[in-house]
file protein.txt (compact mmCIF, N, CA and C atoms)
# COMPACT_ATOMS: atom_id res chain seq x y z
N MET B 1 -27.08 26.84 -57.33
CA MET B 1 -27.56 26.01 -56.25
C MET B 1 -26.44 25.12 -55.71
N LYS B 2 -25.65 24.53 -56.63
CA LYS B 2 -24.54 23.68 -56.19
C LYS B 2 -23.51 24.48 -55.41
N SER B 3 -23.23 25.71 -55.83
CA SER B 3 -22.23 26.51 -55.13
C SER B 3 -22.72 26.89 -53.73
N LEU B 4 -24.03 27.06 -53.56
CA LEU B 4 -24.58 27.36 -52.24
C LEU B 4 -24.41 26.16 -51.31
N ARG B 5 -24.68 24.96 -51.82
CA ARG B 5 -24.51 23.73 -51.03
C ARG B 5 -23.03 23.52 -50.68
N LEU B 6 -22.17 23.76 -51.64
CA LEU B 6 -20.74 23.62 -51.41
C LEU B 6 -20.26 24.62 -50.36
N GLY B 7 -20.76 25.84 -50.43
CA GLY B 7 -20.40 26.88 -49.46
C GLY B 7 -20.86 26.51 -48.06
N ASN B 8 -22.07 25.97 -47.94
CA ASN B 8 -22.59 25.55 -46.64
C ASN B 8 -21.78 24.39 -46.08
N THR B 9 -21.40 23.45 -46.96
CA THR B 9 -20.61 22.31 -46.53
C THR B 9 -19.23 22.76 -46.03
N LEU B 10 -18.60 23.63 -46.77
CA LEU B 10 -17.29 24.14 -46.36
C LEU B 10 -17.37 24.93 -45.05
N ALA B 11 -18.43 25.72 -44.90
CA ALA B 11 -18.61 26.48 -43.66
C ALA B 11 -18.81 25.54 -42.48
N ALA B 12 -19.58 24.49 -42.68
CA ALA B 12 -19.82 23.52 -41.60
C ALA B 12 -18.53 22.80 -41.23
N LEU B 13 -17.74 22.42 -42.23
CA LEU B 13 -16.46 21.76 -41.96
C LEU B 13 -15.50 22.69 -41.22
N ALA B 14 -15.46 23.94 -41.63
CA ALA B 14 -14.57 24.90 -40.97
C ALA B 14 -15.01 25.11 -39.52
N LEU B 15 -16.30 25.22 -39.29
CA LEU B 15 -16.81 25.39 -37.94
C LEU B 15 -16.51 24.16 -37.09
N GLY B 16 -16.70 22.99 -37.64
CA GLY B 16 -16.40 21.75 -36.92
C GLY B 16 -14.92 21.65 -36.58
N GLY B 17 -14.07 22.00 -37.52
CA GLY B 17 -12.62 21.98 -37.27
C GLY B 17 -12.23 22.97 -36.19
N ALA B 18 -12.83 24.13 -36.21
CA ALA B 18 -12.53 25.14 -35.19
C ALA B 18 -12.96 24.65 -33.81
N LEU B 19 -14.10 23.99 -33.74
CA LEU B 19 -14.57 23.46 -32.45
C LEU B 19 -13.64 22.38 -31.92
N VAL B 20 -13.17 21.51 -32.79
CA VAL B 20 -12.24 20.46 -32.36
C VAL B 20 -10.95 21.07 -31.84
N LEU B 21 -10.42 22.03 -32.53
CA LEU B 21 -9.18 22.67 -32.10
C LEU B 21 -9.37 23.46 -30.81
N ALA B 22 -10.52 24.06 -30.64
CA ALA B 22 -10.77 24.87 -29.45
C ALA B 22 -10.92 24.01 -28.20
N THR B 23 -11.41 22.80 -28.34
CA THR B 23 -11.64 21.95 -27.16
C THR B 23 -10.41 21.12 -26.79
N ALA B 24 -9.46 20.93 -27.66
CA ALA B 24 -8.29 20.09 -27.35
C ALA B 24 -7.47 20.62 -26.17
N PRO B 25 -7.09 21.89 -26.10
CA PRO B 25 -6.33 22.36 -24.95
C PRO B 25 -7.12 22.25 -23.64
N LYS B 26 -8.41 22.43 -23.70
CA LYS B 26 -9.24 22.33 -22.51
C LYS B 26 -9.19 20.91 -21.95
N ALA B 27 -9.18 19.92 -22.81
CA ALA B 27 -9.12 18.53 -22.34
C ALA B 27 -7.82 18.30 -21.59
N HIS B 28 -6.74 18.85 -22.08
CA HIS B 28 -5.45 18.71 -21.40
C HIS B 28 -5.49 19.43 -20.04
N ALA B 29 -6.06 20.61 -20.01
CA ALA B 29 -6.16 21.36 -18.76
C ALA B 29 -7.04 20.63 -17.76
N ASP B 30 -8.14 20.05 -18.23
CA ASP B 30 -9.02 19.30 -17.34
C ASP B 30 -8.30 18.09 -16.76
N ASP B 31 -7.45 17.43 -17.57
CA ASP B 31 -6.70 16.29 -17.07
C ASP B 31 -5.73 16.72 -15.97
N HIS B 32 -5.07 17.85 -16.18
CA HIS B 32 -4.14 18.36 -15.17
C HIS B 32 -4.90 18.72 -13.89
N ASP B 33 -6.04 19.39 -14.03
CA ASP B 33 -6.85 19.75 -12.87
C ASP B 33 -7.36 18.50 -12.17
N GLY B 34 -7.74 17.49 -12.94
CA GLY B 34 -8.20 16.24 -12.36
C GLY B 34 -7.11 15.56 -11.56
N ARG B 35 -5.92 15.55 -12.10
CA ARG B 35 -4.79 14.94 -11.38
C ARG B 35 -4.45 15.74 -10.12
N SER B 36 -4.56 17.04 -10.21
CA SER B 36 -4.28 17.87 -9.04
C SER B 36 -5.30 17.60 -7.93
N ARG B 37 -6.57 17.52 -8.30
CA ARG B 37 -7.61 17.20 -7.31
C ARG B 37 -7.39 15.80 -6.74
N CYS B 38 -7.04 14.87 -7.61
CA CYS B 38 -6.78 13.50 -7.18
C CYS B 38 -5.60 13.47 -6.20
N GLN B 39 -4.54 14.15 -6.53
CA GLN B 39 -3.37 14.18 -5.66
C GLN B 39 -3.75 14.72 -4.28
N ASN B 40 -4.56 15.77 -4.25
CA ASN B 40 -4.98 16.33 -2.96
C ASN B 40 -5.81 15.32 -2.16
N ARG B 41 -6.71 14.61 -2.83
CA ARG B 41 -7.53 13.61 -2.14
C ARG B 41 -6.66 12.48 -1.60
N VAL B 42 -5.69 12.04 -2.39
CA VAL B 42 -4.80 10.95 -1.96
C VAL B 42 -3.94 11.40 -0.78
N GLU B 43 -3.40 12.60 -0.85
CA GLU B 43 -2.57 13.08 0.26
C GLU B 43 -3.38 13.20 1.54
N LYS B 44 -4.61 13.65 1.43
CA LYS B 44 -5.49 13.75 2.60
C LYS B 44 -5.80 12.36 3.17
N ALA B 45 -6.13 11.42 2.29
CA ALA B 45 -6.43 10.05 2.74
C ALA B 45 -5.18 9.39 3.34
N ASN B 46 -4.02 9.64 2.76
CA ASN B 46 -2.77 9.09 3.28
C ASN B 46 -2.47 9.67 4.66
N HIS B 47 -2.68 10.96 4.81
CA HIS B 47 -2.46 11.60 6.11
C HIS B 47 -3.39 10.98 7.17
N LYS B 48 -4.64 10.77 6.81
CA LYS B 48 -5.59 10.16 7.73
C LYS B 48 -5.16 8.74 8.09
N TYR B 49 -4.70 7.98 7.11
CA TYR B 49 -4.22 6.62 7.37
C TYR B 49 -3.06 6.65 8.36
N ARG B 50 -2.07 7.49 8.11
CA ARG B 50 -0.90 7.58 8.98
C ARG B 50 -1.30 7.99 10.41
N GLU B 51 -2.24 8.92 10.48
CA GLU B 51 -2.73 9.37 11.78
C GLU B 51 -3.40 8.22 12.55
N GLU B 52 -4.22 7.45 11.87
CA GLU B 52 -4.90 6.32 12.52
C GLU B 52 -3.90 5.24 12.95
N VAL B 53 -2.88 5.02 12.13
CA VAL B 53 -1.84 4.04 12.49
C VAL B 53 -1.12 4.49 13.74
N ARG B 54 -0.75 5.77 13.80
CA ARG B 54 -0.04 6.29 14.98
C ARG B 54 -0.91 6.21 16.24
N GLU B 55 -2.19 6.53 16.10
CA GLU B 55 -3.06 6.59 17.27
C GLU B 55 -3.59 5.23 17.72
N HIS B 56 -3.85 4.34 16.77
CA HIS B 56 -4.54 3.10 17.10
C HIS B 56 -3.78 1.83 16.74
N GLY B 57 -2.71 1.95 15.97
CA GLY B 57 -1.95 0.78 15.54
C GLY B 57 -2.34 0.36 14.13
N ARG B 58 -1.39 -0.26 13.47
CA ARG B 58 -1.54 -0.64 12.06
C ARG B 58 -2.71 -1.60 11.82
N ARG B 59 -2.97 -2.47 12.76
CA ARG B 59 -4.01 -3.50 12.55
C ARG B 59 -5.35 -3.12 13.18
N SER B 60 -5.48 -1.88 13.58
CA SER B 60 -6.73 -1.43 14.20
C SER B 60 -7.84 -1.28 13.15
N GLU B 61 -9.06 -1.28 13.62
CA GLU B 61 -10.20 -1.09 12.73
C GLU B 61 -10.15 0.29 12.07
N GLN B 62 -9.73 1.30 12.84
CA GLN B 62 -9.64 2.66 12.31
C GLN B 62 -8.61 2.74 11.17
N ALA B 63 -7.45 2.10 11.38
CA ALA B 63 -6.41 2.12 10.34
C ALA B 63 -6.87 1.35 9.11
N GLU B 64 -7.53 0.23 9.30
CA GLU B 64 -8.03 -0.55 8.16
C GLU B 64 -9.05 0.24 7.35
N ARG B 65 -9.92 0.98 8.05
CA ARG B 65 -10.91 1.82 7.35
C ARG B 65 -10.21 2.92 6.55
N ALA B 66 -9.22 3.55 7.17
CA ALA B 66 -8.48 4.61 6.48
C ALA B 66 -7.69 4.05 5.29
N LYS B 67 -7.14 2.86 5.44
CA LYS B 67 -6.42 2.20 4.34
C LYS B 67 -7.38 1.91 3.19
N SER B 68 -8.57 1.47 3.52
CA SER B 68 -9.57 1.19 2.49
C SER B 68 -9.95 2.47 1.75
N ARG B 69 -10.06 3.57 2.48
CA ARG B 69 -10.39 4.86 1.86
C ARG B 69 -9.28 5.30 0.91
N LEU B 70 -8.03 5.12 1.33
CA LEU B 70 -6.88 5.47 0.49
C LEU B 70 -6.88 4.62 -0.78
N THR B 71 -7.13 3.35 -0.64
CA THR B 71 -7.19 2.45 -1.80
C THR B 71 -8.32 2.87 -2.74
N SER B 72 -9.45 3.28 -2.18
CA SER B 72 -10.57 3.75 -3.00
C SER B 72 -10.20 5.01 -3.77
N GLU B 73 -9.45 5.90 -3.13
CA GLU B 73 -9.02 7.12 -3.82
C GLU B 73 -8.09 6.79 -4.98
N TRP B 74 -7.19 5.83 -4.77
CA TRP B 74 -6.30 5.43 -5.87
C TRP B 74 -7.10 4.84 -7.02
N ASP B 75 -8.08 4.02 -6.70
CA ASP B 75 -8.92 3.41 -7.73
C ASP B 75 -9.67 4.50 -8.50
N ARG B 76 -10.20 5.46 -7.78
CA ARG B 76 -10.92 6.57 -8.42
C ARG B 76 -9.98 7.37 -9.33
N CYS B 77 -8.78 7.66 -8.84
CA CYS B 77 -7.80 8.40 -9.64
C CYS B 77 -7.46 7.63 -10.91
N TYR B 78 -7.23 6.35 -10.75
CA TYR B 78 -6.86 5.54 -11.91
C TYR B 78 -7.99 5.53 -12.94
N THR B 79 -9.21 5.45 -12.48
CA THR B 79 -10.36 5.45 -13.39
C THR B 79 -10.47 6.79 -14.10
N GLU B 80 -10.27 7.88 -13.37
CA GLU B 80 -10.43 9.21 -13.94
C GLU B 80 -9.22 9.66 -14.76
N SER B 81 -8.02 9.34 -14.31
CA SER B 81 -6.80 9.92 -14.91
C SER B 81 -5.81 8.90 -15.45
N ARG B 82 -6.14 7.63 -15.38
CA ARG B 82 -5.24 6.56 -15.84
C ARG B 82 -3.88 6.64 -15.16
N GLY B 83 -3.91 6.93 -13.87
CA GLY B 83 -2.69 6.97 -13.08
C GLY B 83 -3.05 7.10 -11.61
N TRP B 84 -2.07 6.89 -10.74
CA TRP B 84 -2.29 7.07 -9.31
C TRP B 84 -1.09 7.77 -8.71
N TYR B 85 -1.34 8.52 -7.66
CA TYR B 85 -0.30 9.30 -7.02
C TYR B 85 0.24 8.56 -5.81
N ASP B 86 1.56 8.38 -5.77
CA ASP B 86 2.23 7.74 -4.64
C ASP B 86 2.72 8.86 -3.70
N PRO B 87 2.06 9.03 -2.55
CA PRO B 87 2.43 10.13 -1.67
C PRO B 87 3.78 9.94 -0.98
N ASN B 88 4.29 8.73 -0.91
CA ASN B 88 5.61 8.51 -0.31
C ASN B 88 6.72 8.91 -1.26
N ARG B 89 6.56 8.58 -2.52
CA ARG B 89 7.58 8.90 -3.53
C ARG B 89 7.33 10.26 -4.19
N HIS B 90 6.17 10.83 -3.94
CA HIS B 90 5.78 12.11 -4.55
C HIS B 90 5.84 12.04 -6.07
N GLU B 91 5.21 10.99 -6.61
CA GLU B 91 5.22 10.81 -8.06
C GLU B 91 3.94 10.14 -8.53
N TRP B 92 3.64 10.39 -9.80
CA TRP B 92 2.50 9.73 -10.46
C TRP B 92 2.98 8.44 -11.09
N ARG B 93 2.17 7.41 -10.97
CA ARG B 93 2.50 6.11 -11.55
C ARG B 93 1.38 5.72 -12.50
N ASN B 94 1.74 5.05 -13.57
CA ASN B 94 0.76 4.70 -14.61
C ASN B 94 0.25 3.28 -14.53
N ASP B 95 0.98 2.40 -13.88
CA ASP B 95 0.52 1.02 -13.75
C ASP B 95 -0.43 0.91 -12.56
N ARG B 96 -1.45 0.12 -12.71
CA ARG B 96 -2.43 -0.07 -11.62
C ARG B 96 -1.85 -1.11 -10.64
N ASP B 97 -0.83 -0.69 -9.89
CA ASP B 97 -0.08 -1.64 -9.08
C ASP B 97 0.11 -1.19 -7.63
N TRP B 98 -0.76 -0.32 -7.14
CA TRP B 98 -0.59 0.15 -5.77
C TRP B 98 -0.72 -0.98 -4.75
N ASP B 99 -1.45 -2.02 -5.09
CA ASP B 99 -1.59 -3.14 -4.17
C ASP B 99 -0.28 -3.91 -4.03
N ARG B 100 0.60 -3.83 -5.03
CA ARG B 100 1.89 -4.53 -4.98
C ARG B 100 3.06 -3.62 -4.65
N ASN B 101 2.96 -2.34 -4.99
CA ASN B 101 4.14 -1.48 -4.90
C ASN B 101 4.07 -0.36 -3.88
N TYR B 102 2.98 -0.21 -3.16
CA TYR B 102 2.93 0.82 -2.13
C TYR B 102 3.49 0.25 -0.83
N ASN B 103 4.39 0.98 -0.21
CA ASN B 103 5.04 0.51 1.02
C ASN B 103 4.20 0.92 2.23
N TRP B 104 3.34 0.02 2.68
CA TRP B 104 2.48 0.31 3.83
C TRP B 104 3.29 0.39 5.12
N ASP B 105 4.48 -0.14 5.15
CA ASP B 105 5.30 -0.16 6.35
C ASP B 105 6.29 1.00 6.40
N ASP B 106 6.04 2.04 5.66
CA ASP B 106 6.97 3.16 5.56
C ASP B 106 6.95 4.06 6.79
N ASP B 107 5.99 3.90 7.66
CA ASP B 107 5.85 4.79 8.82
C ASP B 107 6.47 4.16 10.06
N ASP B 108 7.56 4.72 10.55
CA ASP B 108 8.24 4.21 11.74
C ASP B 108 7.51 4.57 13.03
N ARG B 109 6.57 5.46 12.95
CA ARG B 109 5.90 5.94 14.16
C ARG B 109 4.68 5.10 14.52
N ASP B 110 4.60 3.91 14.02
CA ASP B 110 3.49 3.00 14.27
C ASP B 110 3.51 2.54 15.72
N ARG B 111 2.36 2.56 16.39
CA ARG B 111 2.27 2.07 17.77
C ARG B 111 2.59 0.59 17.86
N ASP B 112 2.31 -0.17 16.80
CA ASP B 112 2.56 -1.62 16.81
C ASP B 112 4.04 -1.93 16.62
N HIS B 113 4.82 -0.94 16.24
CA HIS B 113 6.23 -1.16 15.90
C HIS B 113 6.99 -1.84 17.05
N ASP B 114 6.75 -1.38 18.27
CA ASP B 114 7.49 -1.93 19.43
C ASP B 114 6.93 -3.29 19.86
N ARG B 115 5.78 -3.66 19.38
CA ARG B 115 5.14 -4.91 19.80
C ARG B 115 5.70 -6.13 19.09
N HIS B 116 6.41 -5.94 17.99
CA HIS B 116 6.90 -7.09 17.19
C HIS B 116 8.24 -7.54 17.65
call {"tool": "encode", "arguments": {"input": "protein.txt", "output": "structure tokens"}}
result
Amino acid sequence: MKSLRLGNTLAALALGGALVLATAPKAHADDHDGRSRCQNRVEKANHKYREEVREHGRRSEQAERAKSRLTSEWDRCYTESRGWYDPNRHEWRNDRDWDRNYNWDDDDRDRDHDRH
């Protein structure tokens, strides 16, 4: 009876270990896929922001809405992947510092540029 219990315990441990090992690579792949999806969303939101700035000016309501959407995408990325994608530098950053380190004035094609 003891050997049967021991056999069941060992089988359960082996099965549990196999499940843990089988799911570890998938978690890494999911993280990569999540970052890839995040990067695409950020690039799309950044493109929309730049487009609104060119068409309506940096301080327009349209540009502010697009900027808010881009900021929301960064926040979502950071929550999901513990990082955010900087589309100007083409790199992932780990600090939650887009409010301090993103260069909003990087676009020379701004309609407001000649007004200053």
call {"tool": "atom_distance", "arguments": {"input": "protein.txt", "atom1": "CA of Asn94 (chain B)", "atom2": "atom N of Asp33 (chain B)"}}
result
16.2 Å
call {"tool": "atom_distance", "arguments": {"input": "protein.txt", "atom1": "atom N of Arg76 (chain B)", "atom2": "CA of Ala63 (chain B)"}}
result
18.8 Å
call {"tool": "atom_distance", "arguments": {"input": "protein.txt", "atom1": "CA of Asp105 (chain B)", "atom2": "CA of Glu80 (chain B)"}}
result
27.3 Å
call {"tool": "residues_around", "arguments": {"input": "protein.txt", "residues": "Asp99 (chain B)", "least_positions_apart": "2", "cutoff": "12 Å", "atoms": "only C-alpha atoms", "output": "VMD selection string"}}
result
chain B and resid 67 to 68 70 to 72 74 to 75 84 86 95 to 97 101 to 104
call {"tool": "residues_near_point", "arguments": {"input": "protein.txt", "point": "(-2.0, 11.1, -14.1)", "cutoff": "6 Å", "atoms": "all atoms listed in the file", "output": "list of chain:residue names"}}
result
B:Arg35, B:Ser81, B:Arg82, B:Gly83, B:Trp84, B:Trp92
call {"tool": "residues_around", "arguments": {"input": "protein.txt", "residues": "Cys38 (chain B)", "least_positions_apart": "3", "cutoff": "8 Å", "atoms": "only C-alpha atoms", "output": "PyMOL selection string"}}
result
chain B and resi 34-35+41-42+73+77+85
call {"tool": "select_by_dssp", "arguments": {"input": "protein.txt", "residues": "region 40-89 of chain B", "states": "alpha helix (DSSP H)", "output": "PyMOL selection string"}}
result
chain B and resi 40-56+61-81
call {"tool": "decode", "arguments": {"input": "protein.txt", "residues": "region 25-87 of chain B", "atoms": "C-alpha atoms", "output": "PDB file, in the first residue's frame"}}
result
ATOM      1  CA  PRO B  25       9.026  28.675 -23.240  1.00  0.00           C
ATOM      2  CA  LYS B  26       5.449  29.625 -24.094  1.00  0.00           C
ATOM      3  CA  ALA B  27       5.533  32.432 -21.519  1.00  0.00           C
ATOM      4  CA  HIS B  28       8.642  33.832 -23.189  1.00  0.00           C
ATOM      5  CA  ALA B  29       7.036  33.562 -26.631  1.00  0.00           C
ATOM      6  CA  ASP B  30       3.880  35.265 -25.373  1.00  0.00           C
ATOM      7  CA  ASP B  31       5.989  38.124 -23.986  1.00  0.00           C
ATOM      8  CA  HIS B  32       7.700  38.565 -27.351  1.00  0.00           C
ATOM      9  CA  ASP B  33       4.354  38.469 -29.173  1.00  0.00           C
ATOM     10  CA  GLY B  34       2.933  40.949 -26.668  1.00  0.00           C
ATOM     11  CA  ARG B  35       5.807  43.339 -27.241  1.00  0.00           C
ATOM     12  CA  SER B  36       5.439  42.975 -30.987  1.00  0.00           C
ATOM     13  CA  ARG B  37       1.724  43.801 -30.811  1.00  0.00           C
ATOM     14  CA  CYS B  38       2.490  46.683 -28.473  1.00  0.00           C
ATOM     15  CA  GLN B  39       5.148  48.050 -30.809  1.00  0.00           C
ATOM     16  CA  ASN B  40       2.681  47.961 -33.702  1.00  0.00           C
ATOM     17  CA  ARG B  41       0.033  49.800 -31.665  1.00  0.00           C
ATOM     18  CA  VAL B  42       2.543  52.447 -30.572  1.00  0.00           C
ATOM     19  CA  GLU B  43       3.846  52.980 -34.103  1.00  0.00           C
ATOM     20  CA  LYS B  44       0.290  53.366 -35.388  1.00  0.00           C
ATOM     21  CA  ALA B  45      -0.608  55.834 -32.607  1.00  0.00           C
ATOM     22  CA  ASN B  46       2.637  57.756 -33.190  1.00  0.00           C
ATOM     23  CA  HIS B  47       1.920  57.968 -36.913  1.00  0.00           C
ATOM     24  CA  LYS B  48      -1.564  59.301 -36.171  1.00  0.00           C
ATOM     25  CA  TYR B  49      -0.124  61.878 -33.758  1.00  0.00           C
ATOM     26  CA  ARG B  50       2.423  63.091 -36.327  1.00  0.00           C
ATOM     27  CA  GLU B  51      -0.288  63.262 -38.976  1.00  0.00           C
ATOM     28  CA  GLU B  52      -2.547  65.372 -36.748  1.00  0.00           C
ATOM     29  CA  VAL B  53       0.347  67.689 -35.871  1.00  0.00           C
ATOM     30  CA  ARG B  54       1.143  68.221 -39.557  1.00  0.00           C
ATOM     31  CA  GLU B  55      -2.485  68.808 -40.522  1.00  0.00           C
ATOM     32  CA  HIS B  56      -3.788  70.791 -37.551  1.00  0.00           C
ATOM     33  CA  GLY B  57      -0.798  71.999 -35.525  1.00  0.00           C
ATOM     34  CA  ARG B  58       0.812  70.762 -32.335  1.00  0.00           C
ATOM     35  CA  ARG B  59      -1.645  72.502 -30.004  1.00  0.00           C
ATOM     36  CA  SER B  60      -4.793  71.491 -31.877  1.00  0.00           C
ATOM     37  CA  GLU B  61      -7.537  69.433 -30.285  1.00  0.00           C
ATOM     38  CA  GLN B  62      -6.888  66.650 -32.817  1.00  0.00           C
ATOM     39  CA  ALA B  63      -3.176  66.498 -31.953  1.00  0.00           C
ATOM     40  CA  GLU B  64      -3.906  66.514 -28.216  1.00  0.00           C
ATOM     41  CA  ARG B  65      -6.350  63.614 -28.650  1.00  0.00           C
ATOM     42  CA  ALA B  66      -3.787  61.663 -30.677  1.00  0.00           C
ATOM     43  CA  LYS B  67      -1.097  62.422 -28.071  1.00  0.00           C
ATOM     44  CA  SER B  68      -3.397  61.124 -25.351  1.00  0.00           C
ATOM     45  CA  ARG B  69      -3.973  57.928 -27.347  1.00  0.00           C
ATOM     46  CA  LEU B  70      -0.210  57.429 -27.756  1.00  0.00           C
ATOM     47  CA  THR B  71       0.317  57.941 -24.028  1.00  0.00           C
ATOM     48  CA  SER B  72      -2.445  55.410 -23.322  1.00  0.00           C
ATOM     49  CA  GLU B  73      -0.734  52.870 -25.574  1.00  0.00           C
ATOM     50  CA  TRP B  74       2.546  53.346 -23.703  1.00  0.00           C
ATOM     51  CA  ASP B  75       0.761  52.876 -20.393  1.00  0.00           C
ATOM     52  CA  ARG B  76      -0.904  49.714 -21.685  1.00  0.00           C
ATOM     53  CA  CYS B  77       2.433  48.375 -22.971  1.00  0.00           C
ATOM     54  CA  TYR B  78       4.129  49.082 -19.682  1.00  0.00           C
ATOM     55  CA  THR B  79       1.362  47.312 -17.772  1.00  0.00           C
ATOM     56  CA  GLU B  80       1.456  44.279 -20.071  1.00  0.00           C
ATOM     57  CA  SER B  81       5.189  44.017 -20.841  1.00  0.00           C
ATOM     58  CA  ARG B  82       7.001  46.129 -18.238  1.00  0.00           C
ATOM     59  CA  GLY B  83       8.426  48.307 -20.977  1.00  0.00           C
ATOM     60  CA  TRP B  84       7.492  50.862 -23.615  1.00  0.00           C
ATOM     61  CA  TYR B  85       8.540  51.307 -27.206  1.00  0.00           C
ATOM     62  CA  ASP B  86      10.092  54.610 -28.287  1.00  0.00           C
ATOM     63  CA  PRO B  87       9.231  54.973 -31.990  1.00  0.00           C
TER      64      PRO B  87
END
